[in-house]
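Accompanying notes for the structure given below.
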Amino acid sequence: MLELLKVLIETVTRALPAAGSAARQRRLNEMGAELFMLYAQLNEAMLCAEDIVQNLRAYVGRMAQHLEHGNDPYALTAGTWIRDVVQQQRFTLGRIGSTMNRLSAQLNILAPGSIARLAPLLRGKANALDSLLTVMSRGGFPMAEPSAEQLARLQEHGHDDAAFDELDAVRSMLERGAVSTLQRWDEPVYREVVRYLEHERPEERVREIRALLEEIRQVLDSTFSLQDVLLKVGDRRFRTDYDGYHFRG
């Protein structure tokens, strides 16, 4: 989840260097409100990721105490603590996918090729983000992260047969590594959460995501005026088009 979010944010960051030519600045100005909306959604996803990690840390602390002394059975209900924030993240990621699909053509003008490489992650019936959303919609929290190299290979292959093989590998990883938030989080789940926190280092990834978002914020701040980013009353471009399960490209 975090590695995919990081790749999405890195792509937006690369698409927003200094404005440059007058024509480029004009295109940017036309996108001001939409880019601000995308930034707000990405920021929401980052905050949600922080909440998930904090809940996992709290669970590990309480469950370790329970396993040693048997005096904290509430620790076994940790799936219910995390379920709501996981579902909130699912909707946030779905909105991000919808927004980036809608803006892909415009962003690609600003950074030719960079947004197109997101196609295997965002576009069509089979993509990495939809696979993640499907796992989360079933109450699963993925404890396995596709590597940056794996996502890069998926982008490089585009829509050829190798891309489908790579996508199948990502999908299988997400499904196999998911822990259900609909069941008791007993000792085997505890061991898996500890492994996730130690091996995947989610706090480190969240810090990297926060740094990337700060770069986007600085570019938005230096590029746009308040008039550029204020939403027009009744602007239908900003209606949420994520249906709670799959997003439409």
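Chain identifiers are assigned as A, B, and so on, following the order in which chains appear in the structure tokens; residues are numbered from 1 within each chain, and ligands are numbered from 1 in order of appearance.
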Please tabulate, as JSON lines, the residues of segment 31-123 of chain A that come within 6 Å of segment 171-192 of chain A, each with its closest pair of atoms and the distance in Å to one decimal, counting only C-alpha atoms and ordering rows by chain, then residue number upward.
```
{"residue": "A:Leu76", "atom": "CA", "partner": "A:Trp185", "partner_atom": "CA", "distance": 4.9}
{"residue": "A:Thr77", "atom": "CA", "partner": "A:Arg184", "partner_atom": "CA", "distance": 5.7}
{"residue": "A:Gly79", "atom": "CA", "partner": "A:Thr181", "partner_atom": "CA", "distance": 4.1}
{"residue": "A:Arg83", "atom": "CA", "partner": "A:Thr181", "partner_atom": "CA", "distance": 5.6}
```
Would you put the residues from that selection into a file with all heavy atoms, as a PDB file, in the first residue's frame?
```pdb
ATOM      1  N   LEU A  76      -6.876  -8.754  21.470  1.00  0.00           N
ATOM      2  CA  LEU A  76      -7.282  -9.694  20.426  1.00  0.00           C
ATOM      3  C   LEU A  76      -8.286  -9.084  19.458  1.00  0.00           C
ATOM      4  O   LEU A  76      -8.525  -9.624  18.380  1.00  0.00           O
ATOM      5  CB  LEU A  76      -7.886 -10.949  21.068  1.00  0.00           C
ATOM      6  CG  LEU A  76      -6.932 -11.784  21.925  1.00  0.00           C
ATOM      7  CD1 LEU A  76      -7.706 -12.845  22.703  1.00  0.00           C
ATOM      8  CD2 LEU A  76      -5.864 -12.444  21.060  1.00  0.00           C
ATOM      9  N   THR A  77      -8.897  -7.978  19.841  1.00  0.00           N
ATOM     10  CA  THR A  77      -9.902  -7.331  18.979  1.00  0.00           C
ATOM     11  C   THR A  77      -9.285  -6.244  18.108  1.00  0.00           C
ATOM     12  O   THR A  77     -10.008  -5.434  17.521  1.00  0.00           O
ATOM     13  CB  THR A  77     -11.017  -6.703  19.844  1.00  0.00           C
ATOM     14  OG1 THR A  77     -10.494  -5.583  20.584  1.00  0.00           O
ATOM     15  CG2 THR A  77     -11.598  -7.722  20.810  1.00  0.00           C
ATOM     16  N   GLY A  79      -8.205  -6.078  15.188  1.00  0.00           N
ATOM     17  CA  GLY A  79      -8.704  -5.953  13.818  1.00  0.00           C
ATOM     18  C   GLY A  79      -9.800  -4.920  13.709  1.00  0.00           C
ATOM     19  O   GLY A  79      -9.871  -4.171  12.723  1.00  0.00           O
ATOM     20  N   ARG A  83      -9.904  -1.693  11.269  1.00  0.00           N
ATOM     21  CA  ARG A  83     -10.788  -1.886  10.116  1.00  0.00           C
ATOM     22  C   ARG A  83     -11.305  -0.570   9.561  1.00  0.00           C
ATOM     23  O   ARG A  83     -11.268  -0.339   8.352  1.00  0.00           O
ATOM     24  CB  ARG A  83     -11.965  -2.775  10.512  1.00  0.00           C
ATOM     25  CG  ARG A  83     -12.867  -3.162   9.341  1.00  0.00           C
ATOM     26  CD  ARG A  83     -14.074  -3.940   9.853  1.00  0.00           C
ATOM     27  NE  ARG A  83     -13.641  -4.997  10.769  1.00  0.00           N
ATOM     28  CZ  ARG A  83     -14.385  -5.479  11.767  1.00  0.00           C
ATOM     29  NH1 ARG A  83     -15.582  -5.002  11.983  1.00  0.00           N
ATOM     30  NH2 ARG A  83     -13.918  -6.439  12.538  1.00  0.00           N
TER      31      ARG A  83
END
```
Residues near segment 151-157 of chain A, cut-off 9 Å, only C-alpha atoms, skip fewer than 6 positions along chain, as number ranges by chain: A: 3-4, 7, 116-121, 128, 163-167, 170
Export of the given selection (N, CA, C and O atoms) as a JSON list (two decimals), in the first residue's frame:
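Ended up saving to result_0.json:
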```json
[["chain", "number", "residue", "atom", "x", "y", "z"],
["A", 3, "GLU", "N", 4.15, 1.56, -0.68],
["A", 3, "GLU", "CA", 5.06, 1.68, -1.82],
["A", 3, "GLU", "C", 4.31, 2.15, -3.05],
["A", 3, "GLU", "O", 4.82, 2.99, -3.82],
["A", 4, "LEU", "N", 3.10, 1.65, -3.27],
["A", 4, "LEU", "CA", 2.30, 2.09, -4.41],
["A", 4, "LEU", "C", 1.94, 3.56, -4.26],
["A", 4, "LEU", "O", 2.03, 4.34, -5.23],
["A", 7, "VAL", "N", 4.96, 5.66, -5.16],
["A", 7, "VAL", "CA", 5.20, 5.75, -6.61],
["A", 7, "VAL", "C", 4.24, 6.75, -7.25],
["A", 7, "VAL", "O", 4.64, 7.55, -8.11],
["A", 116, "ALA", "N", 2.18, 8.39, -18.34],
["A", 116, "ALA", "CA", 1.86, 7.22, -19.15],
["A", 116, "ALA", "C", 2.39, 5.94, -18.51],
["A", 116, "ALA", "O", 1.78, 4.87, -18.63],
["A", 117, "ARG", "N", 3.51, 6.05, -17.81],
["A", 117, "ARG", "CA", 4.09, 4.87, -17.17],
["A", 117, "ARG", "C", 3.26, 4.38, -16.00],
["A", 117, "ARG", "O", 3.50, 3.29, -15.47],
["A", 118, "LEU", "N", 2.27, 5.17, -15.58],
["A", 118, "LEU", "CA", 1.40, 4.73, -14.49],
["A", 118, "LEU", "C", 0.26, 3.85, -14.97],
["A", 118, "LEU", "O", -0.50, 3.33, -14.15],
["A", 119, "ALA", "N", 0.14, 3.68, -16.28],
["A", 119, "ALA", "CA", -1.00, 2.92, -16.83],
["A", 119, "ALA", "C", -1.18, 1.56, -16.16],
["A", 119, "ALA", "O", -2.31, 1.22, -15.77],
["A", 120, "PRO", "N", -0.13, 0.74, -16.01],
["A", 120, "PRO", "CA", -0.35, -0.56, -15.37],
["A", 120, "PRO", "C", -0.76, -0.46, -13.90],
["A", 120, "PRO", "O", -1.25, -1.42, -13.32],
["A", 121, "LEU", "N", -0.52, 0.70, -13.30],
["A", 121, "LEU", "CA", -0.87, 0.88, -11.89],
["A", 121, "LEU", "C", -2.28, 1.42, -11.71],
["A", 121, "LEU", "O", -2.91, 1.19, -10.67],
["A", 128, "ALA", "N", -2.67, -2.40, -10.66],
["A", 128, "ALA", "CA", -2.17, -2.66, -9.32],
["A", 128, "ALA", "C", -3.05, -2.03, -8.25],
["A", 128, "ALA", "O", -3.31, -2.64, -7.20],
["A", 163, "ALA", "N", 3.82, -7.63, -18.53],
["A", 163, "ALA", "CA", 3.15, -6.77, -17.56],
["A", 163, "ALA", "C", 2.04, -7.53, -16.84],
["A", 163, "ALA", "O", 1.86, -7.40, -15.63],
["A", 164, "PHE", "N", 1.29, -8.35, -17.58],
["A", 164, "PHE", "CA", 0.23, -9.12, -16.95],
["A", 164, "PHE", "C", 0.81, -10.15, -15.98],
["A", 164, "PHE", "O", 0.24, -10.40, -14.91],
["A", 165, "ASP", "N", 1.94, -10.75, -16.35],
["A", 165, "ASP", "CA", 2.59, -11.69, -15.44],
["A", 165, "ASP", "C", 3.05, -10.98, -14.17],
["A", 165, "ASP", "O", 2.91, -11.49, -13.06],
["A", 166, "GLU", "N", 3.62, -9.78, -14.35],
["A", 166, "GLU", "CA", 4.09, -9.01, -13.20],
["A", 166, "GLU", "C", 2.92, -8.59, -12.33],
["A", 166, "GLU", "O", 3.00, -8.62, -11.09],
["A", 167, "LEU", "N", 1.82, -8.19, -12.97],
["A", 167, "LEU", "CA", 0.63, -7.79, -12.22],
["A", 167, "LEU", "C", 0.06, -8.96, -11.43],
["A", 167, "LEU", "O", -0.38, -8.81, -10.29],
["A", 170, "VAL", "N", 2.05, -9.29, -8.33],
["A", 170, "VAL", "CA", 1.69, -8.28, -7.34],
["A", 170, "VAL", "C", 0.37, -8.64, -6.68],
["A", 170, "VAL", "O", 0.23, -8.56, -5.45]]
```
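Listed by chain and then by rising number, the residues of segment 94-221 of chain A that DSSP assigns to strand (DSSP E or B) from the backbone are Gly140, Phe141, Pro142, Ala178, Val179 and Ser180 of chain A.
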Can you write out the residues you just picked, keeping N, CA and C atoms, as a PDB file, in the first residue's frame?
```pdb
ATOM      1  N   GLY A 140      -9.342  -7.109   4.192  1.00  0.00           N
ATOM      2  CA  GLY A 140      -7.945  -7.475   4.343  1.00  0.00           C
ATOM      3  C   GLY A 140      -7.039  -6.264   4.472  1.00  0.00           C
ATOM      4  N   PHE A 141      -6.004  -6.410   5.280  1.00  0.00           N
ATOM      5  CA  PHE A 141      -4.961  -5.386   5.351  1.00  0.00           C
ATOM      6  C   PHE A 141      -3.668  -5.996   4.837  1.00  0.00           C
ATOM      7  N   PRO A 142      -3.165  -5.537   3.682  1.00  0.00           N
ATOM      8  CA  PRO A 142      -1.971  -6.153   3.087  1.00  0.00           C
ATOM      9  C   PRO A 142      -0.726  -5.930   3.950  1.00  0.00           C
ATOM     10  N   ALA A 178      -2.202 -10.590   3.074  1.00  0.00           N
ATOM     11  CA  ALA A 178      -3.221  -9.789   3.759  1.00  0.00           C
ATOM     12  C   ALA A 178      -3.670 -10.466   5.046  1.00  0.00           C
ATOM     13  N   VAL A 179      -3.840  -9.676   6.084  1.00  0.00           N
ATOM     14  CA  VAL A 179      -4.388 -10.136   7.357  1.00  0.00           C
ATOM     15  C   VAL A 179      -5.821  -9.631   7.452  1.00  0.00           C
ATOM     16  N   SER A 180      -6.750 -10.507   7.787  1.00  0.00           N
ATOM     17  CA  SER A 180      -8.150 -10.117   7.858  1.00  0.00           C
ATOM     18  C   SER A 180      -8.411  -9.260   9.095  1.00  0.00           C
TER      19      SER A 180
END
```
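By chain and then residue number, the residues within 10 Å of segment 227-232 of chain A are Leu28, Asn29, Glu30, Met31, Gly32, Ala33, Glu34, Leu35, Phe36, Met37, Leu220, Asp221 and Phe238 of chain A, counting only C-alpha atoms and disregarding those fewer than 6 positions away in sequence.
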Next, dump the selected residues to file, keeping only N, CA, C and O atoms, as a CSV table (one decimal), in the first residue's frame.
```
chain,number,residue,atom,x,y,z
A,28,LEU,N,-0.5,25.0,-16.6
A,28,LEU,CA,-0.5,24.8,-15.2
A,28,LEU,C,-1.6,25.6,-14.5
A,28,LEU,O,-2.3,25.1,-13.6
A,29,ASN,N,-1.8,26.8,-14.9
A,29,ASN,CA,-2.8,27.7,-14.3
A,29,ASN,C,-4.2,27.1,-14.5
A,29,ASN,O,-5.1,27.2,-13.6
A,30,GLU,N,-4.4,26.5,-15.7
A,30,GLU,CA,-5.7,25.9,-16.0
A,30,GLU,C,-6.0,24.7,-15.1
A,30,GLU,O,-7.1,24.3,-14.9
A,31,MET,N,-4.9,24.1,-14.5
A,31,MET,CA,-5.0,22.9,-13.7
A,31,MET,C,-4.9,23.2,-12.2
A,31,MET,O,-5.0,22.3,-11.4
A,32,GLY,N,-4.8,24.5,-11.8
A,32,GLY,CA,-4.5,24.8,-10.5
A,32,GLY,C,-5.4,24.2,-9.4
A,32,GLY,O,-4.9,23.5,-8.5
A,33,ALA,N,-6.7,24.4,-9.6
A,33,ALA,CA,-7.7,23.8,-8.6
A,33,ALA,C,-7.6,22.3,-8.6
A,33,ALA,O,-7.7,21.7,-7.5
A,34,GLU,N,-7.5,21.7,-9.7
A,34,GLU,CA,-7.4,20.2,-9.8
A,34,GLU,C,-6.2,19.6,-9.1
A,34,GLU,O,-6.2,18.6,-8.4
A,35,LEU,N,-5.0,20.3,-9.3
A,35,LEU,CA,-3.8,19.8,-8.7
A,35,LEU,C,-3.9,20.0,-7.2
A,35,LEU,O,-3.4,19.2,-6.4
A,36,PHE,N,-4.5,21.1,-6.8
A,36,PHE,CA,-4.6,21.3,-5.3
A,36,PHE,C,-5.5,20.2,-4.7
A,36,PHE,O,-5.2,19.7,-3.6
A,37,MET,N,-6.6,19.9,-5.4
A,37,MET,CA,-7.5,18.8,-5.0
A,37,MET,C,-6.7,17.5,-4.9
A,37,MET,O,-6.9,16.7,-3.9
A,220,LEU,N,3.2,24.0,-5.6
A,220,LEU,CA,1.9,24.6,-5.7
A,220,LEU,C,1.9,26.0,-5.1
A,220,LEU,O,1.3,27.0,-5.7
A,221,ASP,N,2.6,26.2,-4.0
A,221,ASP,CA,2.7,27.5,-3.4
A,221,ASP,C,3.4,28.5,-4.2
A,221,ASP,O,3.0,29.7,-4.3
A,238,PHE,N,-15.0,18.0,-9.8
A,238,PHE,CA,-14.5,17.5,-8.5
A,238,PHE,C,-15.5,16.6,-7.8
A,238,PHE,O,-15.3,16.3,-6.6
```
Which residues are close to Ala64 of chain A, i.e. within 10 Å by only C-alpha atoms, leaving aside same-chain residues fewer than 3 positions away? Reply as a ChimeraX atom specification. /A:59-61,67-70,72,75,187,190-191
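Distance annotation: of A:Asn127, A:Asn43, A:Thr92, A:Asn108, the residue with the minimal separation from Val206 of chain A is A:Asn43; atom set is only C-alpha atoms.
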Any idea what's packed within 9 Å of segment 52-54 of chain A, counting only C-alpha atoms, ignoring anything in its chain fewer than 4 positions away? Could you give it as an MDAnalysis selection string? chainID A and resid 47:48 58:59 82 85:86 197 202:203
Write out the residues from the selection above, keeping N, CA, C and O atoms, as a JSON list (two decimals), in the first residue's frame.
```json
[["chain", "number", "residue", "atom", "x", "y", "z"],
["A", 47, "LEU", "N", -1.83, 10.85, 5.89],
["A", 47, "LEU", "CA", -2.27, 10.91, 7.29],
["A", 47, "LEU", "C", -2.95, 9.62, 7.71],
["A", 47, "LEU", "O", -2.77, 9.14, 8.83],
["A", 48, "CYS", "N", -3.73, 9.04, 6.81],
["A", 48, "CYS", "CA", -4.40, 7.78, 7.09],
["A", 48, "CYS", "C", -3.37, 6.67, 7.29],
["A", 48, "CYS", "O", -3.52, 5.81, 8.17],
["A", 58, "ALA", "N", 0.39, 0.23, 18.52],
["A", 58, "ALA", "CA", -0.37, 0.07, 19.76],
["A", 58, "ALA", "C", -0.76, -1.39, 19.97],
["A", 58, "ALA", "O", -0.69, -1.92, 21.09],
["A", 59, "TYR", "N", -1.17, -2.05, 18.89],
["A", 59, "TYR", "CA", -1.54, -3.46, 18.99],
["A", 59, "TYR", "C", -0.36, -4.31, 19.42],
["A", 59, "TYR", "O", -0.50, -5.18, 20.31],
["A", 82, "ILE", "N", -8.53, -1.32, 13.58],
["A", 82, "ILE", "CA", -7.86, -0.91, 12.35],
["A", 82, "ILE", "C", -8.80, -0.94, 11.15],
["A", 82, "ILE", "O", -8.58, -0.26, 10.16],
["A", 85, "VAL", "N", -10.12, 2.52, 9.74],
["A", 85, "VAL", "CA", -9.12, 3.37, 9.09],
["A", 85, "VAL", "C", -8.63, 2.73, 7.80],
["A", 85, "VAL", "O", -8.31, 3.43, 6.82],
["A", 86, "VAL", "N", -8.61, 1.38, 7.73],
["A", 86, "VAL", "CA", -8.25, 0.71, 6.48],
["A", 86, "VAL", "C", -9.30, 1.00, 5.41],
["A", 86, "VAL", "O", -8.98, 1.28, 4.25],
["A", 197, "LEU", "N", 6.21, -4.63, 10.59],
["A", 197, "LEU", "CA", 6.78, -3.39, 11.11],
["A", 197, "LEU", "C", 8.31, -3.40, 11.04],
["A", 197, "LEU", "O", 8.93, -2.37, 10.77],
["A", 202, "PRO", "N", 7.33, 0.67, 7.75],
["A", 202, "PRO", "CA", 6.32, 1.61, 7.25],
["A", 202, "PRO", "C", 6.52, 3.05, 7.71],
["A", 202, "PRO", "O", 6.20, 3.99, 6.98],
["A", 203, "GLU", "N", 7.07, 3.24, 8.92],
["A", 203, "GLU", "CA", 7.31, 4.62, 9.37],
["A", 203, "GLU", "C", 8.29, 5.34, 8.45],
["A", 203, "GLU", "O", 8.11, 6.53, 8.15]]
```
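The spacing separating atom CA of Gln89 of chain A from atom CA of Glu50 of chain A amounts to 10.7 Å.
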Taking the chain letters and numbering used in this document, name the residues of segment 10-161 of chain A that DSSP puts in alpha helix (DSSP H), as a PyMOL selection string. chain A and resi 10-14+22-30+32-69+78-110+119-122+128-137+148-157+161
